[in-house]
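Peer 1: Let me begin by handing over the structure; questions about it come next.
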Amino acid sequence: MTEIERIHALRQQLHEHNHRYYVLNNPIISDQEFDFLMHELQDLEAKHPEEFDPNSPSVRVGSDITKEFRQVEHRYPMLSLANTYNEQDIEEWYNQVKRGLEGEDFEVCCEMKYDGLSISLTYEKGRLVQAVTRGDGVRGDDVTANVRTIRSIPLVLQPDLGYPDNFEIRGEILMPWKSFNRLNEEREDIGEQPFANPRNAASGTLKSQDSRVVAERELDAYLYYLLGDEVDVEGHYEGLEKARAWGFKTSEGMKKVSTLQGIYDYIAYWDKERYNLPVATDGIVLKVNSIRQQRSLGFTAKSPRWAIAYKFKAERVCTRLLEVTYQVGRTGAITPVANMETVQLAGTKVRRATLNNEDFIRSFDLHEGDYVYVEKGGEIIPKIVGVDESKRDANAKPIEFITHCPECGAELKRIEGEAAHYCPNDSGCPPQIKGRIEHFIARKAMNIDSLGPETVDAFYERGLIENIADLYTLTASQINYEGNREKSARKAIEAIEASKQVPFERVVFALGIRMVGETTAKALARHFKDIDSLRNATVEQLTEVDGIGEIIAVNVVEYFRHPKNKEIVDRLISYGLQMSLSAEQQQSIGTELEGKSIVISGVFARHSRDEYKLMIEQHGGKNVSSISSKTSFILAGDNMGPSKLQKAEKLGVKLVSEDEFLEMIEGSTPSLPSEGNSSGEPSSVSDKEKSPVQLSLF
């Protein structure tokens, strides 16, 4: 078997294993075996870039290509459904259908209404070619690159399954509860506001400019509507059964009924059972099953007459507020928590609910001992949604937000433009200290996996560590002070020593600067190259970095200005941590771009955006994020946003294609593009004309 044949064989194998794992929930190989096959495919694809396929299983990991989403008009409008909240409305709809069909018998397909983001997928000859959001129903955003990272969506259908050459299938993109919980923990860990519910999280993720972020967040998808001129099915239910056989994930709970009572029974069952599902649902969708009858019933201006959505009522209970306590996060953010008399809600016992911040408390005019209404609904964390003022004690006092930290007593501060209060005593407040150390040792930071939160707490209580730098002074005898942990003590010291080789960009993330997550840390590291340049940067210099706004810039400046942080960073430098980009990353290759300010825009085939940014820096150029009269030229890929094209044309800024740029820095052409490429359109060249650069596409 040739390497090219092996690529095609591996792709088919991995597509099948993805389907078994993410759709059928029935894997037949281990994760390790799957990873081995994937690595083999990626290596072969890197050797054969001419075999690039946007639907290869390897695209599931995403890329760092930033793009402005292109607007695409739907072939068939994506209409919304009429909503109902009670059985009377369902009965009225059912009778209207009966009248519209002039008494003809009909079946209703009942299925779950998933609480996610609507998506339309187009397939040609069994291959995914386009994924578009609902948008305004007439046109939506082309998010194909991001959708390709969702493993439950087939990229290539198995052959000989009888699907038409062209069809469209619609459904919901969702974030499972498991992924949602993990994401919110990560956001809270870096001081970012957690998502309110999985739908918001899924929507924000799918619109990410970095498809690697989409891949990491492990979205899911359920498909619920098959359509197209070549789709030949008699009923909606039968169409989805076909789609399932082709490899699509559909609702397991889908059922056909022929009576009004059958609809009620279905709703009653899922009103309770929905809490056992791995994803959020907010109701039931009812559709006349027969496609012929659907056509006969037709549409109103806004929705089909043959379908309706029943929305579950968010379960609400009333219970007594016992007290409000306050939690201190790693970044010093203060979160008020309502402690209540235990009550049963949505299948679980609830005794605590988030109160978000002082403004939230004031909006309900909360008093001590109030009887409050609590809901879960689409939120994973119970929330207070109202107060029964009729039960309020006449002598009850309003809840007053605390003025001092409950852990260290420092006076709280509130930053202008932010809702939260913060404890400023970041060097002396125990939860902040321990939280920063736990963040520092985390897998995505310094990866000191032999330590954990309980160990950090124990070391802190024993006075062994008071900050992240103290980790590097620990000895095996201190860890094994009781004499029965010799092996774990040795592993911990080895892991701490190994962390000194962690790359600079992860060290920046590990420092725990407020609102500086992984992506931001990487951008800062790549731009400033070493710790001294970063810690001496001004707000103005920081905001020149792509993606860094003023709030983050101020946080960075204040972090390095703090005397205690200065001391910690100096100690980390002395202990030998990586405090600059590697020699390879910093290497200056040439001066072809010296003095030039360059904007990168569009989608590229040969290298990632980060790789092009590094090339620009290595050849003396400067990366800038916005187009101005001072922009030297734009490195323009495919699908460059129309607004940027217009601005470039208006300002007379020249465009350079990917291949022209590679030739430029190799010195084979003048350092500026020819006048012929200033029309506002990126240059295009045939595959034979492309620069013969060997690279990895994934």
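So you can find residues: chains in the structure tokens are A, B, ... in the order shown, residues in each start at 1, and ligands are numbered from 1 in order.
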Show me, as a PyMOL selection string, the residues that have an atom within 9 Å of A:Leu10 when counting only C-alpha atoms, minus same-chain residues fewer than 3 positions from it.
Peer 2: chain A and resi 5-7+13-15+37-38+40-41+57
Peer 1: Save the residues we just selected, all heavy atoms, as an mmCIF file, in the first residue's frame?
Peer 2:
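Heads up, here's the output in part_36.cif:
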```
data_model
loop_
_atom_site.group_PDB
_atom_site.id
_atom_site.type_symbol
_atom_site.label_atom_id
_atom_site.label_comp_id
_atom_site.auth_asym_id
_atom_site.auth_seq_id
_atom_site.Cartn_x
_atom_site.Cartn_y
_atom_site.Cartn_z
ATOM 1 N N GLU A 5 -2.416 5.808 -0.527
ATOM 2 C CA GLU A 5 -3.489 4.849 -0.250
ATOM 3 C C GLU A 5 -3.701 4.691 1.249
ATOM 4 O O GLU A 5 -4.825 4.543 1.722
ATOM 5 C CB GLU A 5 -3.146 3.498 -0.890
ATOM 6 C CG GLU A 5 -3.213 3.501 -2.416
ATOM 7 C CD GLU A 5 -2.676 2.230 -3.026
ATOM 8 O OE1 GLU A 5 -1.845 1.550 -2.366
ATOM 9 O OE2 GLU A 5 -3.077 1.909 -4.158
ATOM 10 N N ARG A 6 -2.602 4.725 1.996
ATOM 11 C CA ARG A 6 -2.709 4.609 3.461
ATOM 12 C C ARG A 6 -3.443 5.811 4.048
ATOM 13 O O ARG A 6 -4.235 5.664 4.990
ATOM 14 C CB ARG A 6 -1.306 4.501 4.076
ATOM 15 C CG ARG A 6 -1.286 4.344 5.597
ATOM 16 C CD ARG A 6 -2.021 3.118 6.058
ATOM 17 N NE ARG A 6 -1.932 2.970 7.508
ATOM 18 C CZ ARG A 6 -2.740 2.203 8.233
ATOM 19 N NH1 ARG A 6 -3.691 1.485 7.623
ATOM 20 N NH2 ARG A 6 -2.600 2.118 9.529
ATOM 21 N N ILE A 7 -3.206 7.007 3.515
ATOM 22 C CA ILE A 7 -3.926 8.200 3.974
ATOM 23 C C ILE A 7 -5.427 7.995 3.820
ATOM 24 O O ILE A 7 -6.205 8.231 4.752
ATOM 25 C CB ILE A 7 -3.468 9.453 3.194
ATOM 26 C CG1 ILE A 7 -2.060 9.872 3.642
ATOM 27 C CG2 ILE A 7 -4.452 10.614 3.397
ATOM 28 C CD1 ILE A 7 -1.473 11.009 2.840
ATOM 29 N N GLN A 13 -11.085 4.703 8.226
ATOM 30 C CA GLN A 13 -11.100 4.048 9.529
ATOM 31 C C GLN A 13 -11.480 5.031 10.634
ATOM 32 O O GLN A 13 -12.326 4.736 11.487
ATOM 33 C CB GLN A 13 -9.712 3.476 9.845
ATOM 34 C CG GLN A 13 -9.421 2.131 9.230
ATOM 35 C CD GLN A 13 -8.048 1.648 9.688
ATOM 36 O OE1 GLN A 13 -7.046 1.891 9.020
ATOM 37 N NE2 GLN A 13 -8.006 0.990 10.816
ATOM 38 N N LEU A 14 -10.846 6.187 10.636
ATOM 39 C CA LEU A 14 -11.062 7.155 11.711
ATOM 40 C C LEU A 14 -12.463 7.746 11.668
ATOM 41 O O LEU A 14 -13.056 8.023 12.715
ATOM 42 C CB LEU A 14 -9.999 8.258 11.645
ATOM 43 C CG LEU A 14 -8.596 7.787 12.053
ATOM 44 C CD1 LEU A 14 -7.550 8.808 11.654
ATOM 45 C CD2 LEU A 14 -8.543 7.539 13.563
ATOM 46 N N HIS A 15 -13.011 7.951 10.475
ATOM 47 C CA HIS A 15 -14.404 8.403 10.382
ATOM 48 C C HIS A 15 -15.336 7.382 11.037
ATOM 49 O O HIS A 15 -16.259 7.740 11.777
ATOM 50 C CB HIS A 15 -14.804 8.593 8.910
ATOM 51 C CG HIS A 15 -14.349 9.885 8.308
ATOM 52 N ND1 HIS A 15 -14.563 11.109 8.921
ATOM 53 C CD2 HIS A 15 -13.705 10.143 7.132
ATOM 54 C CE1 HIS A 15 -14.057 12.063 8.153
ATOM 55 N NE2 HIS A 15 -13.533 11.512 7.070
ATOM 56 N N LEU A 37 -3.548 5.918 15.441
ATOM 57 C CA LEU A 37 -3.976 6.027 14.040
ATOM 58 C C LEU A 37 -4.013 7.488 13.597
ATOM 59 O O LEU A 37 -3.625 7.828 12.473
ATOM 60 C CB LEU A 37 -5.350 5.385 13.861
ATOM 61 C CG LEU A 37 -5.438 3.872 14.052
ATOM 62 C CD1 LEU A 37 -6.891 3.408 14.000
ATOM 63 C CD2 LEU A 37 -4.612 3.141 13.010
ATOM 64 N N MET A 38 -4.508 8.370 14.491
ATOM 65 C CA MET A 38 -4.595 9.789 14.153
ATOM 66 C C MET A 38 -3.207 10.387 13.923
ATOM 67 O O MET A 38 -2.987 11.146 12.969
ATOM 68 C CB MET A 38 -5.321 10.547 15.261
ATOM 69 C CG MET A 38 -5.464 12.051 14.999
ATOM 70 S SD MET A 38 -6.472 12.421 13.532
ATOM 71 C CE MET A 38 -8.112 12.152 14.224
ATOM 72 N N GLU A 40 -0.539 8.828 12.993
ATOM 73 C CA GLU A 40 -0.022 8.294 11.732
ATOM 74 C C GLU A 40 -0.594 9.078 10.549
ATOM 75 O O GLU A 40 0.134 9.444 9.613
ATOM 76 C CB GLU A 40 -0.369 6.807 11.598
ATOM 77 C CG GLU A 40 0.205 6.181 10.328
ATOM 78 C CD GLU A 40 -0.232 4.743 10.115
ATOM 79 O OE1 GLU A 40 -0.924 4.186 10.989
ATOM 80 O OE2 GLU A 40 0.111 4.185 9.057
ATOM 81 N N LEU A 41 -1.903 9.358 10.600
ATOM 82 C CA LEU A 41 -2.534 10.128 9.525
ATOM 83 C C LEU A 41 -1.945 11.527 9.433
ATOM 84 O O LEU A 41 -1.626 12.012 8.337
ATOM 85 C CB LEU A 41 -4.047 10.202 9.751
ATOM 86 C CG LEU A 41 -4.824 11.098 8.767
ATOM 87 C CD1 LEU A 41 -4.682 10.580 7.342
ATOM 88 C CD2 LEU A 41 -6.295 11.176 9.169
ATOM 89 N N PRO A 57 -10.427 13.480 9.014
ATOM 90 C CA PRO A 57 -10.649 13.409 10.472
ATOM 91 C C PRO A 57 -9.672 14.268 11.259
ATOM 92 O O PRO A 57 -9.960 14.674 12.387
ATOM 93 C CB PRO A 57 -10.440 11.922 10.788
ATOM 94 C CG PRO A 57 -10.670 11.211 9.509
ATOM 95 C CD PRO A 57 -10.203 12.141 8.419
#
```
Peer 1: Please extract the residues of stretch 155-309 of chain A with a backbone DSSP assignment of strand (DSSP E) and present them as JSON, numbers by chain.
Peer 2: {"A": [166, 167, 168, 169, 170, 171, 172, 173, 174, 220, 221, 222, 223, 224, 225, 226, 227, 255, 256, 257, 281, 282, 283, 284, 285, 286, 287, 288, 307, 308, 309]}
Peer 1: I'd like the interatomic distance between atom CA of A:Arg330 and atom CA of A:Arg436, to a tenth of an Å.
Peer 2: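 Going from atom CA of A:Arg330 over to atom CA of A:Arg436, I get 5.8 Å.
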Peer 1: List the neighbours of A:Asn197 out to 12 Å using only C-alpha atoms; skip same-chain residues closer than 6 positions along the sequence, and give me the result as a PyMOL selection string.
Peer 2: chain A and resi 115-116+174-177+179-181+183-184+203-204+279-282+376-383
Peer 1: For A:Ile263, please output as a short mmCIF file (atom, residue, chain, number, x, y, z; two decimals) with N, CA, C and O atoms, in the first residue's frame all residues within 10 Å (counting only C-alpha atoms; exclusion window: fewer than 2 positions along the same chain).
Peer 2:
```cif
data_model
loop_
_atom_site.label_atom_id
_atom_site.label_comp_id
_atom_site.auth_asym_id
_atom_site.auth_seq_id
_atom_site.Cartn_x
_atom_site.Cartn_y
_atom_site.Cartn_z
N GLU A 87 -51.47 22.72 27.77
CA GLU A 87 -52.16 21.68 27.01
C GLU A 87 -53.31 22.25 26.18
O GLU A 87 -53.65 21.70 25.12
N ILE A 90 -51.97 23.25 22.87
CA ILE A 90 -51.67 22.06 22.06
C ILE A 90 -52.96 21.51 21.45
O ILE A 90 -53.00 21.14 20.26
N GLU A 91 -54.01 21.46 22.26
CA GLU A 91 -55.29 20.96 21.75
C GLU A 91 -55.80 21.85 20.62
O GLU A 91 -56.32 21.35 19.61
N TYR A 94 -53.79 21.08 17.53
CA TYR A 94 -54.17 19.75 17.03
C TYR A 94 -55.47 19.83 16.24
O TYR A 94 -55.60 19.25 15.15
N VAL A 108 -48.50 12.40 14.50
CA VAL A 108 -47.64 13.47 14.98
C VAL A 108 -46.33 12.86 15.45
O VAL A 108 -46.32 11.89 16.22
N CYS A 109 -45.24 13.42 14.95
CA CYS A 109 -43.91 12.99 15.41
C CYS A 109 -43.51 13.88 16.59
O CYS A 109 -43.44 15.11 16.46
N CYS A 110 -43.26 13.26 17.73
CA CYS A 110 -42.86 13.98 18.94
C CYS A 110 -41.35 13.81 19.13
O CYS A 110 -40.84 12.69 19.05
N LYS A 255 -40.76 9.79 18.77
CA LYS A 255 -41.88 8.83 18.78
C LYS A 255 -43.03 9.36 17.94
O LYS A 255 -43.33 10.55 17.95
N LYS A 256 -43.71 8.42 17.22
CA LYS A 256 -44.93 8.79 16.49
C LYS A 256 -46.15 8.45 17.33
O LYS A 256 -46.23 7.38 17.92
N VAL A 257 -47.12 9.40 17.37
CA VAL A 257 -48.38 9.17 18.07
C VAL A 257 -49.52 9.57 17.15
O VAL A 257 -49.33 10.35 16.20
N SER A 258 -50.71 9.07 17.44
CA SER A 258 -51.85 9.37 16.57
C SER A 258 -53.04 9.95 17.32
O SER A 258 -54.12 10.10 16.75
N THR A 259 -52.82 10.29 18.61
CA THR A 259 -53.90 10.88 19.40
C THR A 259 -53.38 12.03 20.22
O THR A 259 -52.18 12.14 20.50
N LEU A 260 -54.29 12.87 20.65
CA LEU A 260 -53.94 14.00 21.52
C LEU A 260 -53.40 13.48 22.85
O LEU A 260 -52.44 14.03 23.41
N GLN A 261 -54.00 12.40 23.38
CA GLN A 261 -53.53 11.84 24.63
C GLN A 261 -52.11 11.31 24.50
O GLN A 261 -51.31 11.39 25.44
N ASP A 265 -49.05 12.25 26.98
CA ASP A 265 -48.25 11.23 27.67
C ASP A 265 -46.76 11.42 27.39
O ASP A 265 -45.92 11.25 28.28
N TYR A 266 -46.43 11.78 26.15
CA TYR A 266 -45.04 12.00 25.77
C TYR A 266 -44.46 13.19 26.55
O TYR A 266 -43.34 13.12 27.09
N ILE A 267 -45.22 14.26 26.63
CA ILE A 267 -44.78 15.46 27.36
C ILE A 267 -44.58 15.14 28.84
O ILE A 267 -43.57 15.52 29.45
N ALA A 268 -45.55 14.41 29.44
CA ALA A 268 -45.46 14.08 30.86
C ALA A 268 -44.21 13.25 31.17
O ALA A 268 -43.54 13.46 32.18
N ILE A 284 -40.65 20.24 23.92
CA ILE A 284 -40.98 19.19 22.97
C ILE A 284 -41.39 19.84 21.65
O ILE A 284 -42.07 20.86 21.66
N LEU A 286 -43.57 19.18 18.17
CA LEU A 286 -44.61 18.34 17.58
C LEU A 286 -44.71 18.67 16.09
O LEU A 286 -44.86 19.84 15.72
#
```
Peer 1: Which residue is closest to A:Gly621? Choose from A:Glu649, A:Glu241, A:Glu454, A:Glu592 and count only C-alpha atoms.
Peer 2: A:Glu592
Peer 1: Between atom CA of A:Ile291 and atom CA of A:Asn166, what is the distance in Å, rounded to a tenth?
Peer 2: 18.5 Å
Peer 1: Hey, what's within 12 Å of A:Asn623 if we count only C-alpha atoms and toss same-chain stuff fewer than 2 positions away? As a PDB file with C-alpha atoms, in the first residue's frame, please?
Peer 2:
```pdb
ATOM      1  CA  ALA A 523      -0.249  36.405  22.359  1.00  0.00           C
ATOM      2  CA  ARG A 526       4.844  35.926  21.157  1.00  0.00           C
ATOM      3  CA  HIS A 527       4.683  39.726  21.015  1.00  0.00           C
ATOM      4  CA  PHE A 528       7.081  40.671  23.826  1.00  0.00           C
ATOM      5  CA  GLU A 544      -1.045  47.051  20.386  1.00  0.00           C
ATOM      6  CA  VAL A 545      -1.122  43.263  20.773  1.00  0.00           C
ATOM      7  CA  ASP A 546      -3.889  41.643  18.757  1.00  0.00           C
ATOM      8  CA  LEU A 593      10.150  43.382   6.154  1.00  0.00           C
ATOM      9  CA  GLU A 594      12.047  45.796   8.374  1.00  0.00           C
ATOM     10  CA  GLY A 595      10.015  48.888   9.238  1.00  0.00           C
ATOM     11  CA  LYS A 596       6.810  47.522   7.746  1.00  0.00           C
ATOM     12  CA  SER A 597       3.475  47.263   9.585  1.00  0.00           C
ATOM     13  CA  ILE A 598       1.502  44.289   8.305  1.00  0.00           C
ATOM     14  CA  VAL A 599      -2.106  43.198   8.812  1.00  0.00           C
ATOM     15  CA  ILE A 600      -3.041  39.526   8.404  1.00  0.00           C
ATOM     16  CA  SER A 601      -6.580  38.786   7.202  1.00  0.00           C
ATOM     17  CA  ARG A 609      -1.783  32.799  11.314  1.00  0.00           C
ATOM     18  CA  ASP A 610       0.591  32.393  14.267  1.00  0.00           C
ATOM     19  CA  GLU A 611       3.240  30.970  11.926  1.00  0.00           C
ATOM     20  CA  TYR A 612       2.848  33.947   9.597  1.00  0.00           C
ATOM     21  CA  LYS A 613       3.061  36.345  12.534  1.00  0.00           C
ATOM     22  CA  LEU A 614       6.287  34.689  13.593  1.00  0.00           C
ATOM     23  CA  MET A 615       7.661  34.914  10.027  1.00  0.00           C
ATOM     24  CA  ILE A 616       6.845  38.623   9.921  1.00  0.00           C
ATOM     25  CA  GLU A 617       8.695  39.206  13.189  1.00  0.00           C
ATOM     26  CA  GLN A 618      11.653  37.046  12.117  1.00  0.00           C
ATOM     27  CA  HIS A 619      12.013  39.124   8.960  1.00  0.00           C
ATOM     28  CA  GLY A 620      11.897  42.448  10.793  1.00  0.00           C
ATOM     29  CA  GLY A 621       8.224  43.318  10.301  1.00  0.00           C
ATOM     30  CA  SER A 625      -4.390  44.249  14.028  1.00  0.00           C
ATOM     31  CA  SER A 626      -6.174  47.107  12.255  1.00  0.00           C
ATOM     32  CA  ILE A 627      -5.828  48.731   8.847  1.00  0.00           C
ATOM     33  CA  THR A 631      -0.268  49.880   7.113  1.00  0.00           C
ATOM     34  CA  SER A 632       2.443  48.748   4.678  1.00  0.00           C
ATOM     35  CA  PHE A 633       0.361  45.930   3.189  1.00  0.00           C
ATOM     36  CA  ILE A 634      -2.156  43.238   4.044  1.00  0.00           C
ATOM     37  CA  LEU A 635      -1.226  39.560   3.932  1.00  0.00           C
TER      38      LEU A 635
END
```
Peer 1: Quick one: everything within 6 Å of stretch 465-479 of chain A, counting only C-alpha atoms, minus sequence neighbours fewer than 2 positions away in the same chain. Send it as an mmCIF file with N, CA, C and O atoms, in the first residue's frame.
Peer 2:
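Here's the written file part_28.cif:
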```cif
data_model
loop_
_atom_site.group_PDB
_atom_site.id
_atom_site.type_symbol
_atom_site.label_atom_id
_atom_site.label_comp_id
_atom_site.auth_asym_id
_atom_site.auth_seq_id
_atom_site.Cartn_x
_atom_site.Cartn_y
_atom_site.Cartn_z
ATOM 1 N N ILE A 437 -1.704 29.278 43.512
ATOM 2 C CA ILE A 437 -0.775 28.140 43.475
ATOM 3 C C ILE A 437 -1.415 26.968 42.741
ATOM 4 O O ILE A 437 -0.772 26.296 41.931
ATOM 5 N N PHE A 459 0.395 22.082 52.432
ATOM 6 C CA PHE A 459 1.681 22.792 52.435
ATOM 7 C C PHE A 459 1.516 24.219 52.957
ATOM 8 O O PHE A 459 2.370 24.731 53.688
ATOM 9 N N TYR A 460 0.414 24.848 52.566
ATOM 10 C CA TYR A 460 0.170 26.225 53.008
ATOM 11 C C TYR A 460 -0.054 26.272 54.525
ATOM 12 O O TYR A 460 0.506 27.133 55.218
ATOM 13 N N GLY A 463 2.993 26.069 56.471
ATOM 14 C CA GLY A 463 3.918 27.182 56.291
ATOM 15 C C GLY A 463 5.038 26.902 55.310
ATOM 16 O O GLY A 463 6.030 27.645 55.272
ATOM 17 N N TYR A 481 7.600 14.424 55.538
ATOM 18 C CA TYR A 481 7.949 14.690 56.943
ATOM 19 C C TYR A 481 7.472 13.593 57.886
ATOM 20 O O TYR A 481 8.005 13.421 58.991
ATOM 21 N N ALA A 489 6.902 11.886 47.384
ATOM 22 C CA ALA A 489 7.725 13.084 47.592
ATOM 23 C C ALA A 489 8.739 13.217 46.465
ATOM 24 O O ALA A 489 8.963 14.314 45.929
ATOM 25 N N ARG A 490 9.343 12.097 46.095
ATOM 26 C CA ARG A 490 10.333 12.118 45.016
ATOM 27 C C ARG A 490 9.680 12.511 43.692
ATOM 28 O O ARG A 490 10.230 13.297 42.912
ATOM 29 N N ILE A 568 8.362 37.715 43.304
ATOM 30 C CA ILE A 568 8.065 36.342 42.877
ATOM 31 C C ILE A 568 8.644 36.070 41.499
ATOM 32 O O ILE A 568 9.277 35.032 41.259
ATOM 33 N N LEU A 572 11.432 33.323 40.327
ATOM 34 C CA LEU A 572 11.190 32.315 39.289
ATOM 35 C C LEU A 572 12.287 32.362 38.229
ATOM 36 O O LEU A 572 12.717 31.325 37.718
#
```
Peer 1: State, in Å with one decimal place, the distance from atom CA of A:Cys423 to atom CA of A:Val569.
Peer 2: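 Rounded to one decimal, the two atoms are 21.6 Å apart.
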Peer 1: Residues of stretch 479-535 of chain A classed as helix (DSSP H, G or I) by DSSP on the backbone are to be reported as an MDAnalysis selection string.
Peer 2: chainID A and resid 479 486:501 504:510 518:528 531:535
Peer 1: Env of A:Leu157: 8 Å cut, atoms = only C-alpha atoms, seq-sep filter 3 positions within chain, self excluded. Answer as a PyMOL selection string.
Peer 2: chain A and resi 126-127+154+246-247
